[in-house]
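Next comes coords-v5.txt, with compact mmCIF, C-alpha atoms.
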# COMPACT_ATOMS: atom_id res chain seq x y z
CA MET L 67 10.05 12.77 -23.43
CA ARG L 68 11.22 13.85 -20.02
CA THR L 69 9.40 16.66 -18.22
CA ASN L 70 11.43 19.45 -16.61
CA ASN L 71 11.25 18.34 -12.98
CA ALA L 72 10.94 14.58 -13.47
CA LEU L 73 13.59 12.57 -11.68
CA ARG L 74 15.64 9.73 -13.11
CA PHE L 75 17.22 8.94 -9.75
CA VAL L 76 15.12 9.07 -6.60
CA THR L 77 17.15 9.33 -3.41
CA SER L 78 15.75 9.11 0.11
CA THR L 79 15.59 12.91 0.25
CA LYS L 80 13.61 13.11 -3.01
CA ALA L 81 11.05 10.38 -2.24
CA ARG L 82 7.55 11.61 -1.43
CA VAL L 83 6.90 10.65 2.17
CA GLU L 84 3.34 10.13 3.34
CA PHE L 85 1.83 8.71 6.50
CA ALA L 86 -1.21 6.47 6.78
CA PRO L 87 -2.73 5.02 9.95
CA TRP L 88 -0.90 1.72 9.33
CA GLY L 89 2.53 3.15 8.58
CA LYS L 90 4.93 5.31 6.61
CA HIS L 91 5.07 5.38 2.79
CA TRP L 92 7.97 6.41 0.58
CA TRP L 93 6.65 7.02 -2.95
CA LEU L 94 9.67 6.26 -5.14
CA SER L 95 8.11 6.33 -8.60
CA GLN L 96 4.80 7.91 -9.49
CA PRO L 97 3.53 10.46 -12.01
CA GLY L 98 4.83 13.90 -11.13
CA LEU L 99 7.93 12.52 -9.42
CA THR L 100 9.37 10.46 -12.28
CA ASP L 101 8.29 10.31 -15.91
CA THR L 102 6.68 6.93 -15.31
CA LYS L 103 3.85 5.85 -17.51
CA GLN L 104 3.60 2.22 -16.46
CA LEU L 105 4.98 1.75 -12.93
CA THR L 106 4.22 3.11 -9.51
CA LEU L 107 6.52 2.04 -6.67
CA VAL L 108 5.97 2.67 -2.98
CA ARG L 109 7.96 1.36 0.00
CA VAL L 110 5.83 0.88 3.12
CA ARG L 111 6.97 0.41 6.71
CA MET L 112 3.99 -1.13 8.53
CA ARG L 113 3.88 -0.97 12.29
CA PRO L 114 3.26 -4.11 14.37
CA GLY L 115 -0.37 -5.23 14.49
CA ALA L 116 -1.41 -2.77 11.77
CA GLY L 117 -2.82 -3.49 8.34
CA HIS L 118 -4.22 -1.98 5.18
CA GLN L 119 -7.95 -2.68 4.97
CA PHE L 120 -9.57 -4.75 2.20
CA HIS L 121 -9.61 -2.76 -1.04
CA TYR L 122 -9.13 -3.18 -4.77
CA HIS L 123 -7.64 -1.27 -7.68
CA PRO L 124 -10.16 -1.02 -10.55
CA ALA L 125 -7.55 -0.28 -13.24
CA ARG L 126 -4.23 -1.52 -11.84
CA GLU L 127 -2.50 -4.78 -11.10
CA GLU L 128 -0.13 -4.96 -8.15
CA ILE L 129 2.79 -6.93 -6.79
CA ILE L 130 3.56 -6.90 -3.06
CA TYR L 131 7.20 -7.78 -2.32
CA ILE L 132 8.15 -8.36 1.32
CA LEU L 133 11.52 -6.84 2.24
CA ASP L 134 11.57 -7.75 5.94
CA GLY L 135 9.24 -9.05 8.60
CA VAL L 136 6.14 -11.18 8.11
CA ALA L 137 2.96 -10.28 6.26
CA GLU L 138 -0.51 -11.76 6.38
CA GLN L 139 -1.53 -11.16 2.76
CA TRP L 140 -5.04 -11.65 1.42
CA VAL L 141 -5.72 -12.00 -2.32
CA GLY L 142 -9.42 -12.51 -2.76
CA ARG L 143 -10.53 -14.94 -0.04
CA GLU L 144 -7.13 -16.66 0.11
CA LYS L 145 -4.72 -15.76 2.92
CA ARG L 146 -1.00 -16.51 3.07
CA ARG L 147 1.87 -15.63 5.39
CA LEU L 148 4.72 -14.12 3.42
CA LYS L 149 8.27 -13.47 4.56
CA ALA L 150 11.21 -11.55 3.10
CA GLY L 151 11.79 -12.30 -0.57
CA GLU L 152 8.25 -13.51 -1.25
CA ILE L 153 5.53 -11.83 -3.31
CA ALA L 154 1.82 -11.71 -3.88
CA PHE L 155 0.45 -10.87 -7.34
CA ILE L 156 -2.90 -9.09 -7.34
CA PRO L 157 -4.80 -8.72 -10.63
CA LYS L 158 -6.86 -5.58 -11.20
CA ASN L 159 -10.30 -5.59 -9.57
CA VAL L 160 -9.28 -8.29 -7.06
CA VAL L 161 -9.90 -7.47 -3.41
CA HIS L 162 -6.82 -7.72 -1.21
CA ALA L 163 -5.41 -6.63 2.15
CA ILE L 164 -2.14 -6.83 4.06
CA HIS L 165 -1.58 -7.11 7.81
CA ASN L 166 1.51 -7.22 10.02
CA PRO L 167 0.68 -9.94 12.58
CA SER L 168 4.03 -9.70 14.36
CA LYS L 169 5.44 -7.55 17.15
CA ARG L 170 8.07 -6.06 14.83
CA PRO L 171 7.73 -3.59 11.95
CA MET L 172 7.36 -5.09 8.46
CA THR L 173 8.57 -3.48 5.23
CA PHE L 174 7.29 -4.16 1.73
CA LEU L 175 7.31 -2.74 -1.77
CA ALA L 176 4.08 -2.25 -3.69
CA ILE L 177 4.50 -2.08 -7.45
CA LEU L 178 1.41 -1.06 -9.41
CA SER L 179 0.78 -0.75 -13.14
CA PRO L 180 -0.20 1.31 -15.01
CA SER L 181 0.82 4.44 -13.15
CA ARG L 182 -1.97 6.50 -14.72
CA ALA L 183 -5.54 5.29 -15.20
CA LYS L 184 -9.04 6.71 -15.26
CA GLY L 185 -11.05 6.50 -12.08
CA PRO L 186 -9.98 6.11 -8.46
CA PHE L 187 -6.61 4.66 -7.44
CA LEU L 188 -8.33 2.28 -5.03
CA ILE L 189 -11.76 1.47 -3.67
CA ASP L 190 -12.18 0.45 -0.03
CA CYS L 191 -14.55 -2.45 0.60
CA TYR L 192 -13.58 -3.56 4.13
CA ASN L 193 -17.07 -2.83 5.49
CA ASP L 194 -18.72 -4.96 2.79
CA GLU L 195 -19.37 -8.70 2.99
CA PRO L 196 -17.69 -11.10 2.75
CA TRP L 197 -14.58 -9.03 3.61
CA ARG L 198 -15.90 -7.76 6.93
CA SER L 199 -16.49 -11.33 8.10
CA LEU L 200 -13.09 -12.60 6.92
CA ARG L 201 -11.23 -10.09 9.06
CA GLU L 202 -12.72 -7.44 11.30
CA PRO L 203 -11.84 -3.97 9.97
CA PHE L 204 -9.08 -2.10 11.76
CA ALA L 205 -10.20 0.86 13.86
CA TYR L 206 -7.84 3.74 13.12
CA ARG L 207 -7.71 7.36 14.06
CA GLU L 208 -7.17 9.68 11.12
CA VAL L 209 -3.59 10.88 10.73
CA ASP L 210 -2.08 13.86 8.99
CA SER L 211 -0.53 12.42 5.81
CA ARG L 212 2.42 14.84 6.06
CA THR L 213 3.34 14.34 9.72
CA GLY L 214 1.80 11.07 10.86
CA HIS L 215 0.28 12.80 13.90
CA ALA L 216 -3.28 11.93 14.87
CA LYS L 217 -5.86 14.45 13.70
CA ARG L 218 -8.01 16.02 16.37
CA ARG L 219 -11.72 15.42 16.23

Spell out the structure here as structure tokens.
Amino acid sequence: MRTNNALRFVTSTKARVEFAPWGKHWWLSQPGLTDTKQLTLVRVRMRPGAGHQFHYHPAREEIIYILDGVAEQWVGREKRRLKAGEIAFIPKNVVHAIHNPSKRPMTFLAILSPSRAKGPFLIDCYNDEPWRSLREPFAYREVDSRTGHAKRR
């Protein structure tokens, strides 16, 4: 059953835009935006040299699909370089990270399922071993998720 404000078509003006230290996110399907029960979809534009720290999703599996650019993708302790048209599948509870090693922006889709689950969406573990030794954590300033501007300390 469709809720009153749930979208069936999500245009660029209807996507939920959010900024993270590593880049811009366009949430295209998530609870509260669409009537999804199984799929969350986010498009991410990652700036050169940036990356999402090691983390895992306790109740969700994920597919990363590279749209353009080059990604350094970790799944567990295995690292691969992915280019446009290639994916990484990440089972639930498996630590993973993505990094843009190039001098150009990289764009990817992250598809997660289910869209609703008990507990946290993700758990960061980049300061824990062995992840910290596999790749030094990125040092980021906090950004305002609505504007992308650095927060003052």

Within 9 Å of Ser95 in chain L using all atoms listed in the file, minus same-chain residues under 4 positions, as a VMD selection string: chain L and resid 73 76 81 to 82 99 to 102 105 to 108 181

With C-alpha atoms retained, write the just-selected residues as a CSV table (one decimal), keeping the file's coordinate frame.
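That gives us result-v7.csv:
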chain,number,residue,atom,x,y,z
L,73,LEU,CA,13.6,12.6,-11.7
L,76,VAL,CA,15.1,9.1,-6.6
L,81,ALA,CA,11.0,10.4,-2.2
L,82,ARG,CA,7.6,11.6,-1.4
L,99,LEU,CA,7.9,12.5,-9.4
L,100,THR,CA,9.4,10.5,-12.3
L,101,ASP,CA,8.3,10.3,-15.9
L,102,THR,CA,6.7,6.9,-15.3
L,105,LEU,CA,5.0,1.8,-12.9
L,106,THR,CA,4.2,3.1,-9.5
L,107,LEU,CA,6.5,2.0,-6.7
L,108,VAL,CA,6.0,2.7,-3.0
L,181,SER,CA,0.8,4.4,-13.2

Residue with smallest distance to Arg212 in chain L - pool L:Ser78, L:Pro180, L:Asn71, L:Phe85, counting all atoms listed in the file: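 Ranked by minimum distance to Arg212 in chain L, first place goes to L:Phe85.
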
Interatomic distance (Å, one decimal) between CA of Lys169 in chain L and CA of Gly142 in chain L: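 Computed distance, CA of Lys169 in chain L to CA of Gly142 in chain L, equals 25.3 Å.
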
Atom pair CA of Glu127 in chain L / CA of Asp210 in chain L: separation (Å):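 Interatomic distance here is 27.4 Å.
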
Closest of L:Val110, L:Ile130, L:Ala125, L:Val209 to Phe187 in chain L - atom-to-atom distances counting all atoms listed in the file: L:Ala125

Show me, as AutoDock Vina command-line options, the centre and edge lengths in Å to one decimal of the axis-aligned box that covers every listed atom of range 73-78 of chain L with 6 Å on each side.
--center_x 15.4 --center_y 10.8 --center_z -6.5 --size_x 15.6 --size_y 15.6 --size_z 25.2

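Atom pair CA of Ala176 in chain L / CA of Arg201 in chain L: separated by 21.4 Å.
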
Give me, as a Markdown table, the closest atom pair and its distance (Å, one decimal) for every residue of range 171-199 of chain L within a cut-off of 12 Å of range 144-149 of chain L, counting all atoms listed in the file, rows sorted by chain and rising number.
| residue | atom | partner | partner_atom | distance |
| --- | --- | --- | --- | --- |
| L:Met172 | CA | L:Lys149 | CA | 9.3 |
| L:Thr173 | CA | L:Lys149 | CA | 10.0 |
| L:Phe174 | CA | L:Lys149 | CA | 9.8 |
| L:Trp197 | CA | L:Glu144 | CA | 11.2 |

Contacts of Thr213 in chain L at 12 Å (all atoms listed in the file; same-chain gap of 4+ positions) as a PyMOL selection string: chain L and resi 83-87+89-91+208-209+217

Residues within 12 Å of Pro196 in chain L, please, as a tab-separated table (two decimals) with C-alpha atoms, keeping the file's coordinate frame. Count all atoms listed in the file; anything in the same chain fewer than 4 positions from it doesn't count.
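After the write, part-v1.tsv holds the following:
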chain	number	residue	atom	x	y	z
L	120	PHE	CA	-9.57	-4.75	2.20
L	142	GLY	CA	-9.42	-12.51	-2.76
L	143	ARG	CA	-10.53	-14.94	-0.04
L	161	VAL	CA	-9.90	-7.47	-3.41
L	191	CYS	CA	-14.55	-2.45	0.60
L	192	TYR	CA	-13.58	-3.56	4.13
L	200	LEU	CA	-13.09	-12.60	6.92
L	201	ARG	CA	-11.23	-10.09	9.06
L	202	GLU	CA	-12.72	-7.44	11.30
L	203	PRO	CA	-11.84	-3.97	9.97

Spatial neighbours of Asn159 in chain L, max dist 10 Å, all atoms listed in the file, sep filter under 3 positions, as a PyMOL selection string: chain L and resi 121-127+142+156+162+188-189
